[in-house]
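J.: Got a structure for you, data-v5.txt, holding compact mmCIF, C-alpha atoms and all ligand atoms.
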```
# COMPACT_ATOMS: atom_id res chain seq x y z
CA MET A 191 -10.37 77.23 73.64
CA ALA A 192 -7.70 74.80 74.65
CA VAL A 193 -6.73 76.54 77.83
CA SER A 194 -10.18 77.22 79.13
CA HIS A 195 -11.41 73.78 78.15
CA ARG A 196 -8.55 71.58 79.23
CA PRO A 197 -8.60 71.80 82.94
CA SER A 198 -12.20 70.78 82.72
CA HIS A 199 -11.10 67.56 84.34
CA PRO A 200 -13.46 67.11 87.14
CA SER A 201 -15.19 69.79 88.92
CA THR A 202 -12.19 69.80 91.24
CA LEU A 203 -10.03 71.40 88.65
CA SER A 204 -12.34 73.70 86.80
CA THR A 205 -13.80 75.19 89.91
CA THR A 206 -11.60 74.54 92.85
CA ILE A 207 -8.01 74.16 91.92
CA PRO A 208 -7.23 77.14 89.75
CA ALA A 209 -9.02 79.33 92.26
CA LEU A 210 -7.25 77.63 95.10
CA SER A 211 -3.85 78.07 93.70
CA ARG A 212 -4.25 81.58 92.40
CA ALA A 213 -5.38 82.74 95.81
CA ARG A 214 -2.52 81.07 97.60
CA PHE A 215 -3.19 80.96 101.22
CA LYS A 216 -1.12 83.03 103.56
CA PRO A 217 -1.79 81.10 106.73
CA GLY A 218 -0.69 83.91 109.04
CA LYS A 219 -3.00 86.38 107.42
CA LEU A 220 -5.85 83.97 107.47
CA MET A 221 -5.73 83.63 111.20
CA GLU A 222 -6.43 87.33 111.65
CA GLY A 223 -9.96 87.73 110.42
CA ARG A 224 -11.19 84.81 108.40
CA SER A 225 -10.73 81.90 110.71
CA MET A 226 -14.47 81.40 110.95
CA VAL A 227 -14.72 80.55 107.26
CA ILE A 228 -11.83 78.11 107.01
CA GLU A 229 -12.96 75.19 104.95
CA THR A 230 -11.66 71.81 106.01
CA MET A 231 -11.70 68.22 104.81
CA ASP A 232 -14.70 67.82 107.08
CA SER A 233 -16.85 70.11 105.01
CA ARG A 234 -16.20 68.07 101.86
CA ALA A 235 -17.05 64.69 103.36
CA LEU A 236 -20.00 63.11 105.09
CA ARG A 237 -19.40 61.71 108.54
CA ASN A 238 -18.24 58.12 108.37
CA PRO A 239 -21.06 56.28 110.17
CA TYR A 240 -19.29 52.90 110.43
CA SER A 241 -17.46 51.56 113.47
CA ASP A 242 -13.81 50.99 112.74
CA TYR A 243 -12.19 47.54 112.68
CA ASP A 244 -11.63 46.28 116.20
CA GLY A 245 -9.85 43.01 115.46
CA ASN A 246 -12.75 40.99 116.81
CA PRO A 247 -13.69 38.24 114.31
CA ALA A 248 -17.33 38.68 115.31
CA SER A 249 -17.38 42.09 113.65
CA THR A 250 -16.19 40.75 110.30
CA GLN A 251 -17.63 37.25 110.10
CA SER A 252 -20.53 38.32 107.93
CA LEU A 253 -18.03 39.83 105.47
CA PHE A 254 -15.03 37.49 105.23
CA ASP A 255 -13.40 34.52 106.93
CA SER A 256 -10.08 34.28 108.76
CA GLN A 257 -8.26 33.86 105.41
CA GLY A 258 -9.83 37.05 104.02
CA ARG A 259 -12.21 35.10 101.73
CA LEU A 260 -15.49 36.94 101.28
CA THR A 261 -18.51 35.08 102.62
CA PRO A 262 -21.00 33.74 100.05
CA GLU A 263 -23.62 36.14 101.47
CA PHE A 264 -21.49 39.24 101.08
CA SER A 265 -20.27 38.17 97.62
CA GLN A 266 -23.86 37.60 96.61
CA ARG A 267 -24.82 41.02 97.85
CA LEU A 268 -22.02 42.62 95.82
CA SER A 269 -22.94 40.66 92.68
CA SER A 270 -26.62 41.53 92.93
CA LYS A 271 -25.79 45.17 93.36
CA VAL A 272 -23.49 45.06 90.34
CA ASN A 273 -26.38 43.71 88.25
CA GLU A 274 -28.87 46.17 89.64
CA LEU A 275 -26.63 49.18 89.05
CA LEU A 276 -25.71 47.93 85.57
CA SER A 277 -29.29 48.17 84.43
CA VAL A 278 -29.65 51.65 85.92
CA MET A 279 -26.44 52.62 84.14
CA GLU A 280 -27.53 51.17 80.79
CA ASN A 281 -30.72 53.15 81.03
CA GLY A 282 -28.90 56.34 81.98
CA LEU A 283 -26.37 56.01 79.17
CA ARG A 284 -29.15 56.61 76.65
CA SER A 285 -28.83 60.28 77.41
CA ALA A 286 -25.00 60.33 77.52
CA ASP A 287 -22.96 62.38 75.06
CA PRO A 288 -22.81 60.18 71.95
CA ARG A 289 -19.50 61.69 70.83
CA ASP A 290 -17.47 61.23 74.02
CA CYS A 291 -15.07 58.40 73.22
CA THR A 292 -12.87 58.70 76.31
CA SER A 293 -12.18 56.30 79.14
CA TYR A 294 -12.68 59.10 81.63
CA THR A 295 -16.28 60.10 80.85
CA GLY A 296 -17.15 58.35 77.59
CA TRP A 297 -17.73 55.04 75.78
CA THR A 298 -14.29 53.57 76.31
CA GLY A 299 -14.80 53.80 80.05
CA ILE A 300 -17.96 51.73 79.73
CA ALA A 301 -16.14 49.23 77.51
CA LEU A 302 -13.40 48.99 80.14
CA LEU A 303 -16.01 48.25 82.80
CA TYR A 304 -17.45 45.41 80.69
CA LEU A 305 -13.96 44.02 79.99
CA HIS A 306 -13.43 43.94 83.74
CA LEU A 307 -16.80 42.26 84.38
CA HIS A 308 -15.94 39.69 81.73
CA LYS A 309 -12.76 38.87 83.63
CA VAL A 310 -14.47 38.70 87.02
CA PHE A 311 -17.61 36.77 86.03
CA SER A 312 -16.38 34.96 82.86
CA GLU A 313 -19.61 35.70 81.03
CA SER A 314 -19.23 36.17 77.29
CA SER A 315 -22.12 38.63 77.12
CA PHE A 316 -19.91 41.12 78.96
CA LEU A 317 -17.20 40.81 76.34
CA HIS A 318 -19.73 41.49 73.61
CA LYS A 319 -20.94 44.56 75.44
CA ALA A 320 -17.32 45.74 75.68
CA GLN A 321 -16.98 45.30 71.94
CA GLU A 322 -20.19 47.19 71.28
CA TYR A 323 -19.09 50.17 73.37
CA VAL A 324 -15.51 50.32 72.17
CA SER A 325 -16.72 50.23 68.56
CA ARG A 326 -18.83 53.24 69.33
CA ALA A 327 -15.74 54.94 70.80
CA LEU A 328 -13.63 54.18 67.74
CA LYS A 329 -16.21 55.91 65.56
CA SER A 330 -15.83 59.16 67.47
CA LEU A 331 -12.13 59.51 68.28
CA THR A 332 -11.20 62.96 69.56
CA ARG A 333 -8.48 63.58 66.96
CA ARG A 334 -7.50 66.45 69.23
CA HIS A 335 -3.96 65.18 69.45
CA ASP A 336 -4.73 63.92 72.91
CA VAL A 337 -2.59 60.87 73.41
CA THR A 338 -3.63 59.41 76.73
CA PHE A 339 -5.52 56.38 77.94
CA LEU A 340 -7.99 58.38 80.02
CA CYS A 341 -8.70 61.48 77.94
CA GLY A 342 -7.34 60.82 74.47
CA ASP A 343 -7.51 58.43 71.54
CA ALA A 344 -4.98 56.01 73.02
CA GLY A 345 -7.65 54.69 75.43
CA PRO A 346 -10.13 53.55 72.76
CA LEU A 347 -7.34 52.01 70.65
CA ALA A 348 -5.77 50.14 73.58
CA VAL A 349 -9.09 48.88 74.94
CA ALA A 350 -10.20 47.83 71.44
CA ALA A 351 -6.94 45.91 70.98
CA VAL A 352 -7.61 43.97 74.17
CA VAL A 353 -11.25 43.33 73.29
CA TYR A 354 -10.25 41.92 69.88
CA HIS A 355 -7.51 39.87 71.51
CA ARG A 356 -10.03 38.27 73.85
CA LEU A 357 -12.37 37.69 70.92
CA GLN A 358 -9.46 35.93 69.20
CA ARG A 359 -9.41 38.37 66.31
CA PRO A 360 -5.65 39.00 66.18
CA GLN A 361 -5.57 41.04 63.00
CA GLU A 362 -7.99 43.63 64.28
CA ALA A 363 -6.07 43.72 67.57
CA ASP A 364 -2.80 44.32 65.74
CA ASP A 365 -4.39 46.99 63.63
CA CYS A 366 -5.40 48.91 66.79
CA ILE A 367 -1.91 48.53 68.24
CA ASN A 368 -0.33 49.80 65.03
CA ARG A 369 -2.58 52.83 65.05
CA LEU A 370 -1.73 53.43 68.70
CA MET A 371 2.00 53.17 68.09
CA GLN A 372 1.81 55.89 65.45
CA TYR A 373 1.71 58.32 68.36
CA HIS A 374 4.83 56.94 69.97
CA GLU A 375 7.40 59.16 68.31
CA THR A 376 5.38 62.31 68.92
CA VAL A 377 5.01 61.36 72.58
CA VAL A 378 8.72 60.73 73.05
CA LYS A 379 9.76 63.90 71.24
CA GLY A 380 6.96 65.95 72.70
CA SER A 381 5.18 68.51 70.60
CA GLY A 382 5.82 71.80 72.28
CA SER A 383 3.32 71.70 75.07
CA LEU A 384 2.89 67.98 75.67
CA PRO A 385 2.83 67.56 79.45
CA ASP A 386 4.10 64.55 81.38
CA GLU A 387 1.18 63.80 83.72
CA LEU A 388 -1.34 60.99 83.49
CA LEU A 389 -4.53 62.61 82.20
CA TYR A 390 -3.15 64.54 79.23
CA GLY A 391 0.55 63.79 79.09
CA ARG A 392 3.23 61.22 78.39
CA MET A 393 2.37 58.97 81.34
CA GLY A 394 -1.16 58.63 80.02
CA PHE A 395 0.20 57.27 76.74
CA LEU A 396 2.63 55.05 78.60
CA PHE A 397 -0.24 53.52 80.56
CA SER A 398 -1.87 52.42 77.28
CA LEU A 399 1.23 50.40 76.44
CA LEU A 400 1.46 48.85 79.90
CA PHE A 401 -2.24 48.00 79.73
CA ILE A 402 -1.78 46.13 76.44
CA ASN A 403 1.22 44.16 77.69
CA GLN A 404 -0.55 43.26 80.88
CA GLN A 405 -3.77 42.18 79.21
CA PHE A 406 -2.00 40.22 76.49
CA GLY A 407 0.21 38.57 79.12
CA GLN A 408 3.33 39.23 77.03
CA ASP A 409 5.55 42.09 75.89
CA LYS A 410 3.44 42.87 72.84
CA ILE A 411 4.99 46.34 72.99
CA PRO A 412 8.75 45.94 73.45
CA LEU A 413 10.10 47.34 76.71
CA ASP A 414 12.42 49.72 74.80
CA TYR A 415 9.46 51.74 73.59
CA ILE A 416 8.20 52.14 77.13
CA GLN A 417 11.64 53.04 78.47
CA GLN A 418 12.02 55.74 75.82
CA ILE A 419 8.93 57.47 77.16
CA CYS A 420 10.26 57.31 80.74
CA GLU A 421 13.56 58.70 79.55
CA ALA A 422 11.76 61.64 77.92
CA VAL A 423 9.82 62.23 81.14
CA ILE A 424 13.02 62.28 83.18
CA VAL A 425 14.67 64.74 80.80
CA SER A 426 11.58 66.93 81.03
CA GLY A 427 11.50 66.72 84.85
CA ASP A 428 15.18 67.54 85.14
CA HIS A 429 14.70 70.53 82.84
CA GLN A 430 11.72 71.82 84.82
CA SER A 431 13.52 71.40 88.13
CA ARG A 432 16.27 73.68 86.80
CA ARG A 433 13.82 76.13 85.28
CA PHE A 434 12.04 76.54 88.62
CA ARG A 435 15.39 76.56 90.44
CA VAL A 436 14.37 73.80 92.81
CA GLN A 437 17.22 71.38 92.01
CA ASN A 438 18.37 71.58 95.62
CA GLN A 439 14.99 70.35 96.82
CA THR A 440 14.01 67.93 94.08
CA PRO A 441 15.95 66.70 91.03
CA LEU A 442 12.70 66.37 89.06
CA MET A 443 9.75 68.73 88.83
CA PHE A 444 6.67 68.73 86.62
CA GLU A 445 4.15 71.37 85.75
CA TRP A 446 0.71 71.20 84.22
CA TYR A 447 -1.16 74.37 83.31
CA GLN A 448 1.28 76.57 85.20
CA GLU A 449 0.88 74.64 88.42
CA GLN A 450 3.05 72.03 90.07
CA TYR A 451 0.41 69.44 90.85
CA VAL A 452 1.11 66.80 93.47
CA GLY A 453 -1.57 64.11 93.07
CA ALA A 454 -2.07 61.02 90.95
CA ALA A 455 -4.07 62.51 88.06
CA HIS A 456 -2.02 65.56 87.11
CA GLY A 457 0.96 65.53 89.33
CA LEU A 458 4.20 64.30 90.72
CA ALA A 459 2.87 61.29 92.63
CA GLY A 460 1.24 59.84 89.52
CA ILE A 461 4.40 60.31 87.45
CA TYR A 462 6.72 58.81 90.08
CA TYR A 463 4.42 55.83 90.57
CA PHE A 464 5.14 54.82 86.97
CA LEU A 465 8.83 55.71 87.02
CA MET A 466 9.26 53.27 89.92
CA GLN A 467 7.71 50.31 88.08
CA PRO A 468 10.30 47.58 87.57
CA GLY A 469 12.50 48.12 84.53
CA LEU A 470 10.77 51.22 83.20
CA VAL A 471 13.66 53.48 84.12
CA SER A 472 16.48 51.44 82.65
CA SER A 473 19.22 52.95 84.78
CA VAL A 474 19.21 51.96 88.44
CA GLU A 475 21.60 54.81 89.09
CA GLN A 476 19.04 57.31 87.73
CA LEU A 477 16.31 55.73 89.78
CA HIS A 478 18.28 56.37 92.98
CA ARG A 479 19.81 59.71 92.04
CA LEU A 480 16.76 61.33 90.43
CA VAL A 481 13.54 59.50 91.28
CA LYS A 482 14.05 58.63 94.94
CA PRO A 483 14.89 62.17 96.13
CA SER A 484 11.96 63.46 94.07
CA VAL A 485 9.65 61.00 95.80
CA ASP A 486 11.07 62.13 99.13
CA TYR A 487 10.30 65.72 98.19
CA VAL A 488 6.62 64.78 97.73
CA CYS A 489 6.73 62.99 101.11
CA GLY A 490 7.93 66.25 102.62
CA LEU A 491 4.79 68.03 101.40
CA LYS A 492 2.59 65.99 103.75
CA PHE A 493 0.19 67.97 105.92
CA PRO A 494 0.07 67.25 109.68
CA SER A 495 -3.19 65.38 108.99
CA GLY A 496 -1.37 62.88 106.76
CA ASN A 497 -3.00 64.28 103.61
CA TYR A 498 -1.21 65.99 100.68
CA PRO A 499 -1.80 69.32 98.92
CA PRO A 500 -3.18 69.47 95.37
CA CYS A 501 -0.33 71.78 94.29
CA VAL A 502 3.09 72.63 95.66
CA GLY A 503 2.72 75.67 97.91
CA ASP A 504 -1.00 75.27 98.48
CA GLU A 505 -1.58 75.32 102.22
CA ARG A 506 -5.19 74.23 102.23
CA ASP A 507 -5.78 70.73 103.46
CA LEU A 508 -9.11 70.09 101.74
CA LEU A 509 -9.13 67.46 99.06
CA VAL A 510 -9.20 63.74 99.76
CA HIS A 511 -9.61 62.40 96.23
CA TRP A 512 -7.75 59.98 94.00
CA CYS A 513 -7.05 62.96 91.72
CA HIS A 514 -5.83 65.28 94.50
CA GLY A 515 -4.68 64.13 97.92
CA SER A 516 -3.77 61.03 99.88
CA PRO A 517 -6.01 58.51 98.01
CA GLY A 518 -3.80 59.02 94.94
CA VAL A 519 -0.45 59.69 96.59
CA ILE A 520 -0.64 56.36 98.42
CA TYR A 521 0.25 54.41 95.25
CA MET A 522 3.53 56.29 94.96
CA LEU A 523 4.26 55.63 98.64
CA LEU A 524 3.56 51.91 98.44
CA GLN A 525 5.64 51.57 95.30
CA ALA A 526 8.50 53.47 96.94
CA TYR A 527 8.23 51.12 99.92
CA LYS A 528 8.48 48.15 97.57
CA VAL A 529 11.41 49.54 95.60
CA PHE A 530 13.46 51.45 98.17
CA GLY A 531 12.32 49.83 101.43
CA GLY A 532 12.49 51.49 104.84
CA PRO A 533 9.58 52.03 107.19
CA GLY A 534 8.88 55.69 106.33
CA TYR A 535 6.98 55.17 103.09
CA LEU A 536 4.76 52.50 104.60
CA GLU A 537 4.01 54.66 107.64
CA ASP A 538 2.98 57.52 105.35
CA ALA A 539 0.83 55.13 103.32
CA LEU A 540 -0.88 53.86 106.47
CA GLN A 541 -1.55 57.47 107.40
CA CYS A 542 -3.24 57.95 104.01
CA GLY A 543 -5.52 55.07 105.02
CA GLU A 544 -6.47 56.88 108.23
CA VAL A 545 -7.23 60.11 106.34
CA VAL A 546 -9.42 58.27 103.83
CA TRP A 547 -11.26 56.33 106.52
CA ARG A 548 -12.12 59.58 108.24
CA TYR A 549 -12.70 61.97 105.33
CA GLY A 550 -13.17 59.71 102.31
CA LEU A 551 -16.97 59.45 102.05
CA LEU A 552 -17.26 62.47 99.82
CA LYS A 553 -20.19 64.73 99.16
CA LYS A 554 -19.11 64.54 95.54
CA GLY A 555 -20.53 61.04 95.34
CA TYR A 556 -19.52 57.47 94.64
CA GLY A 557 -17.17 57.74 91.65
CA LEU A 558 -13.55 56.81 91.11
CA CYS A 559 -11.82 60.11 90.45
CA HIS A 560 -13.25 62.07 93.35
CA GLY A 561 -15.68 59.80 95.12
CA ALA A 562 -16.12 57.01 97.63
CA ALA A 563 -15.33 54.14 95.24
CA GLY A 564 -12.01 55.63 94.17
CA ASN A 565 -11.14 56.34 97.78
CA ALA A 566 -11.95 52.75 98.75
CA TYR A 567 -9.13 51.54 96.51
CA THR A 568 -6.79 53.08 99.10
CA PHE A 569 -7.80 50.30 101.48
CA LEU A 570 -7.48 47.61 98.82
CA ALA A 571 -3.95 48.80 98.04
CA LEU A 572 -3.06 48.70 101.73
CA TYR A 573 -4.66 45.28 102.13
CA ARG A 574 -2.68 43.90 99.20
CA HIS A 575 0.56 45.24 100.63
CA THR A 576 0.06 44.35 104.28
CA GLY A 577 -2.50 41.53 104.38
CA ASP A 578 -4.01 43.29 107.39
CA HIS A 579 -7.75 42.57 107.59
CA LYS A 580 -8.37 46.04 108.93
CA HIS A 581 -7.99 47.42 105.43
CA LEU A 582 -10.23 44.78 103.88
CA TYR A 583 -12.86 45.57 106.49
CA ARG A 584 -12.65 49.27 105.68
CA ALA A 585 -12.99 48.55 101.93
CA CYS A 586 -16.11 46.49 102.71
CA MET A 587 -17.59 49.38 104.69
CA PHE A 588 -16.98 51.79 101.81
CA ALA A 589 -18.60 49.21 99.52
CA ASP A 590 -21.60 49.15 101.83
CA TRP A 591 -21.77 52.92 101.49
CA CYS A 592 -21.58 52.61 97.68
CA MET A 593 -24.29 49.95 97.69
CA ASN A 594 -26.57 52.54 99.23
CA TYR A 595 -26.01 54.58 96.08
CA GLY A 596 -27.93 57.83 96.00
CA ARG A 597 -29.16 57.75 99.58
CA HIS A 598 -26.72 60.20 101.16
CA GLY A 599 -27.69 63.44 99.45
CA CYS A 600 -24.45 63.56 97.44
CA ARG A 601 -24.10 65.80 94.46
CA THR A 602 -24.79 64.33 90.99
CA PRO A 603 -21.70 64.40 88.77
CA ASP A 604 -21.73 66.00 85.31
CA THR A 605 -21.48 62.58 83.68
CA PRO A 606 -23.47 60.50 86.17
CA PHE A 607 -22.95 57.09 84.51
CA SER A 608 -19.33 57.41 83.39
CA LEU A 609 -16.36 55.37 84.54
CA PHE A 610 -14.38 58.08 86.28
CA GLU A 611 -17.10 60.35 87.61
CA GLY A 612 -20.15 58.18 87.81
CA MET A 613 -21.87 54.87 88.33
CA ALA A 614 -19.71 52.76 86.00
CA GLY A 615 -16.78 53.41 88.34
CA THR A 616 -18.77 52.39 91.38
CA ILE A 617 -19.78 49.16 89.67
CA TYR A 618 -16.15 48.55 88.70
CA PHE A 619 -15.11 48.84 92.35
CA LEU A 620 -17.89 46.60 93.68
CA ALA A 621 -16.89 43.89 91.18
CA ASP A 622 -13.21 44.33 92.06
CA LEU A 623 -13.93 43.79 95.73
CA LEU A 624 -15.06 40.24 94.90
CA GLN A 625 -11.36 39.38 94.44
CA PRO A 626 -9.74 41.88 96.78
CA MET A 627 -6.16 40.65 96.38
CA ARG A 628 -6.37 41.22 92.62
CA ALA A 629 -8.14 44.59 92.72
CA LYS A 630 -6.48 47.47 90.91
CA PHE A 631 -7.52 51.06 90.40
CA PRO A 632 -8.59 51.09 86.73
CA ALA A 633 -6.67 53.02 84.09
CA PHE A 634 -3.92 53.70 86.60
CA GLU A 635 -2.62 50.85 88.76
CA VAL A 636 -0.19 48.50 87.09
ZN ZN A 701 -11.08 63.93 90.38
```
Using structure tokens, write down the structure that the file contains.
T.:
Amino acid sequence: MAVSHRPSHPSTLSTTIPALSRARFKPGKLMEGRSMVIETMDSRALRNPYSDYDGNPASTQSLFDSQGRLTPEFSQRLSSKVNELLSVMENGLRSADPRDCTSYTGWTGIALLYLHLHKVFSESSFLHKAQEYVSRALKSLTRRHDVTFLCGDAGPLAVAAVVYHRLQRPQEADDCINRLMQYHETVVKGSGSLPDELLYGRMGFLFSLLFINQQFGQDKIPLDYIQQICEAVIVSGDHQSRRFRVQNQTPLMFEWYQEQYVGAAHGLAGIYYFLMQPGLVSSVEQLHRLVKPSVDYVCGLKFPSGNYPPCVGDERDLLVHWCHGSPGVIYMLLQAYKVFGGPGYLEDALQCGEVVWRYGLLKKGYGLCHGAAGNAYTFLALYRHTGDHKHLYRACMFADWCMNYGRHGCRTPDTPFSLFEGMAGTIYFLADLLQPMRAKFPAFEV
């Protein structure tokens, strides 16, 4: 059960990735007879119909001013769309799985959206909605020993703690945090098969702790506890690098379901993004000796297009998703640029932006994990780091695409109203764009 069910993360994994990686491409062989059926990034995306940024203020004046402030008209358009889609979502959620408590596809994801809307619009009704949904989540915890923010019970507990904190109910908030921290020792020690990646592993638990500290505006969870998790991840990565005999290429290596994934959701880039956050790896020496060369190893996996493979050794340049490919790897690159400096990381990150601009309007739809909204966060990350209006413009164009929800013949996701696959994620992005310098990819960016 576990094995066949687990990689049910997004269609990408259950259908594409295992097949992809089992049938590893032999490029030479492919050229002989099958070149006509080569699938490319093109076949997964719809053609980007928008003109690119040309630097001319006339082309952006309906969107934002010379300081990057959104115009009242464009802000109004975003806000109206948020409200319109919210009522469609509320209606659709009536047929959602009542027992799915997760942030990824279930009630906690909806609660997280309302928490976000409460912050953006300062309307108390949003906070009450968040409470309503997270209470529903708490009643149906997975109890599957999943420990992460996105797919396990840590998400509902962390989000509930923050909801109660905002409602000024400190005892209930503390109660949630205490329940969450009961997992800490198990996560640090690892129970046999506990992975390290974000969706099901240690980093997904770690995010819950960072989320609480960030939302409370203080170190509610002492830094030591967070560092212990990073230490366990480094020990695990060092061990796996030896086991796979790749120490000469990369001091750290991580596996999930017998594959060495590269992207943000299951792979190396997601793990390194967190290891590079200030203070999380307590030893600066380790950061330079172990993390930096491991980041450089991921950089070396870049395809000529500027995109990244879903798994080490996979030659097919197909997926431009947050979960697999450049829209997720970019966060590692920008963090490496911040921490280690040098022009290389930023150049690679800018290249991710070009890939997403060209191939990021996915046939899979408008969601966060593998859709246009998630891909649009690539531009917001670049805008925050560079201040270049080109990236803000591109984010606005992807928002325009998302505001035409359902009009491009995209496929309907399995959970069409959820945070990570469906409409809740699109709404989250549209609301985030109202304050572009503060925007952060939910349940991931710190
Ligand atoms: Zn995905």
J.: As JSON, numbers by chain, please: every protein or nucleic acid residue near ligand ZN 701 (chain A) (cut-off 10 Å, counting only C-alpha atoms and all ligand atoms).
T.: {"A": [199, 200, 201, 202, 203, 453, 454, 455, 456, 509, 510, 511, 512, 513, 514, 515, 518, 554, 557, 558, 559, 560, 561, 564, 610, 611]}
J.: Mind checking which residues fall within 12 Å of Pro626 in chain A, counting all atoms listed in the file, ignoring those fewer than 3 positions away in the same chain, and posting them as a ChimeraX atom specification?
T.: /A:254,257-260,265,310,566-575,577,579,581-586,589,619-623,629-631
J.: Name the residues in contact with Ile424 in chain A at a cut-off of 9 Å, using all atoms listed in the file, excluding same-chain residues fewer than 6 positions from it; report them as a list of chain:residue names.
T.: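 The residues satisfying every condition are A:Leu442, A:Leu465, A:Val471, A:Leu480, A:Val481.
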J.: I need the residues from that last selection saved to file as a PDB file, in the coordinates of the input (with C-alpha atoms), if you can.
T.:
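Printed below is selection06.pdb as written:
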```pdb
ATOM      1  CA  LEU A 442      12.700  66.370  89.060  1.00  0.00           C
ATOM      2  CA  LEU A 465       8.830  55.710  87.020  1.00  0.00           C
ATOM      3  CA  VAL A 471      13.660  53.480  84.120  1.00  0.00           C
ATOM      4  CA  LEU A 480      16.760  61.330  90.430  1.00  0.00           C
ATOM      5  CA  VAL A 481      13.540  59.500  91.280  1.00  0.00           C
TER       6      VAL A 481
END
```
J.: Report the distance between CA of Ala459 in chain A and CA of Leu552 in chain A in Å, rounded to one decimal place.
T.: 21.4 Å
J.: What does the distance from CA of Leu413 in chain A to CA of Gly296 in chain A come to in Å, to one decimal?
T.: 29.4 Å
J.: Report, in Å to a single decimal, how far apart CA of Gly427 in chain A and CA of Cys341 in chain A are.
T.: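 Distance between the two atoms: 22.0 Å.
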J.: Got a sec: who's within 10 Å of Gly380 in chain A, counting only C-alpha atoms, leaving out chain neighbours fewer than 5 positions off, as a list of chain:residue names?
T.: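 In the requested format, the answer is A:His374, A:Glu375, A:Pro385, A:Asp386, A:Gly391, A:Arg392, A:Ile419, A:Ala422, A:Val423, A:Ser426.
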J.: Using all atoms listed in the file and a cutoff of 8 Å, can you tell me which residues are near (9.7, 68.2, 89.8) in the file's coordinates, and write them out as a ChimeraX atom specification?
T.: /A:427-428,430-431,436,440-445,450,458,484
J.: I need the residues from that last selection saved to file as a PDB file, keeping the file's coordinate frame (with C-alpha atoms), if you can.
T.:
```pdb
ATOM      1  CA  GLY A 427      11.500  66.720  84.850  1.00  0.00           C
ATOM      2  CA  ASP A 428      15.180  67.540  85.140  1.00  0.00           C
ATOM      3  CA  GLN A 430      11.720  71.820  84.820  1.00  0.00           C
ATOM      4  CA  SER A 431      13.520  71.400  88.130  1.00  0.00           C
ATOM      5  CA  VAL A 436      14.370  73.800  92.810  1.00  0.00           C
ATOM      6  CA  THR A 440      14.010  67.930  94.080  1.00  0.00           C
ATOM      7  CA  PRO A 441      15.950  66.700  91.030  1.00  0.00           C
ATOM      8  CA  LEU A 442      12.700  66.370  89.060  1.00  0.00           C
ATOM      9  CA  MET A 443       9.750  68.730  88.830  1.00  0.00           C
ATOM     10  CA  PHE A 444       6.670  68.730  86.620  1.00  0.00           C
ATOM     11  CA  GLU A 445       4.150  71.370  85.750  1.00  0.00           C
ATOM     12  CA  GLN A 450       3.050  72.030  90.070  1.00  0.00           C
ATOM     13  CA  LEU A 458       4.200  64.300  90.720  1.00  0.00           C
ATOM     14  CA  SER A 484      11.960  63.460  94.070  1.00  0.00           C
TER      15      SER A 484
END
```
J.: Taking into account all atoms listed in the file, which residue in the set A:Arg334, A:Gly282, A:Val324, A:His598 is nearest to Ile300 in chain A?
T.: A:Val324
J.: Pick out the closest residue to Tyr451 in chain A from this set: A:Leu400, A:Val519, A:Leu317, A:Val378. Count all atoms listed in the file.
T.: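 Ranking A:Leu400, A:Val519, A:Leu317, A:Val378 by distance to Tyr451 in chain A, first place goes to A:Val519.
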J.: Could you give me the axis-aligned bounding box of range 593-600 of chain A, with 3 Å of padding per side, as centre plus edge lengths in Å to one decimal, as AutoDock Vina command-line options?
T.:
```
--center_x -26.7 --center_y 56.8 --center_z 98.6 --size_x 10.9 --size_y 19.6 --size_z 11.2
```
J.: As a PDB file with C-alpha atoms, keeping the file's coordinate frame, please: the residues near Lys492 in chain A (cut-off 9 Å, all atoms listed in the file, same-chain neighbours under 6 positions excluded).
T.:
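The file below, part.pdb, is the result:
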```pdb
ATOM      1  CA  TYR A 498      -1.210  65.990 100.680  1.00  0.00           C
ATOM      2  CA  PRO A 499      -1.800  69.320  98.920  1.00  0.00           C
ATOM      3  CA  SER A 516      -3.770  61.030  99.880  1.00  0.00           C
ATOM      4  CA  ASP A 538       2.980  57.520 105.350  1.00  0.00           C
TER       5      ASP A 538
END
```
J.: Fewer than 2 positions away in the same chain doesn't count, so skip those; otherwise give me all residues within 7 Å of Gly496 in chain A, counting all atoms listed in the file, as JSON, numbers by chain.
T.: {"A": [492, 493, 494, 498, 541, 542, 545]}
J.: Of the residues A:Gly299, A:Val485, A:Val352, A:Leu268, which is the one nearest to Leu283 in chain A, using only C-alpha atoms?
T.: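 Smallest distance to Leu283 in chain A is found for A:Gly299.
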J.: Which residue, A:Ala539, A:Val636, A:Ser383, A:Glu449, has the smallest gap to Pro468 in chain A when you use all atoms listed in the file?
T.: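 For Pro468 in chain A, the nearest of the given residues is A:Val636.
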J.: Using all atoms listed in the file, which of the listed residues (A:Asn497, A:Gln321, A:Asn438, A:Gln404) sits closest to Leu303 in chain A?
T.: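 Looking only at the distances to Leu303 in chain A, the closest residue turns out to be A:Gln321.
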J.: Give the answer as one residue: which of A:Arg267, A:Lys580, A:Arg548, A:His355 has the shortest atom-to-atom distance to Thr250 in chain A, using all atoms listed in the file?
T.: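 Ranking A:Arg267, A:Lys580, A:Arg548, A:His355 by distance to Thr250 in chain A, first place goes to A:Lys580.
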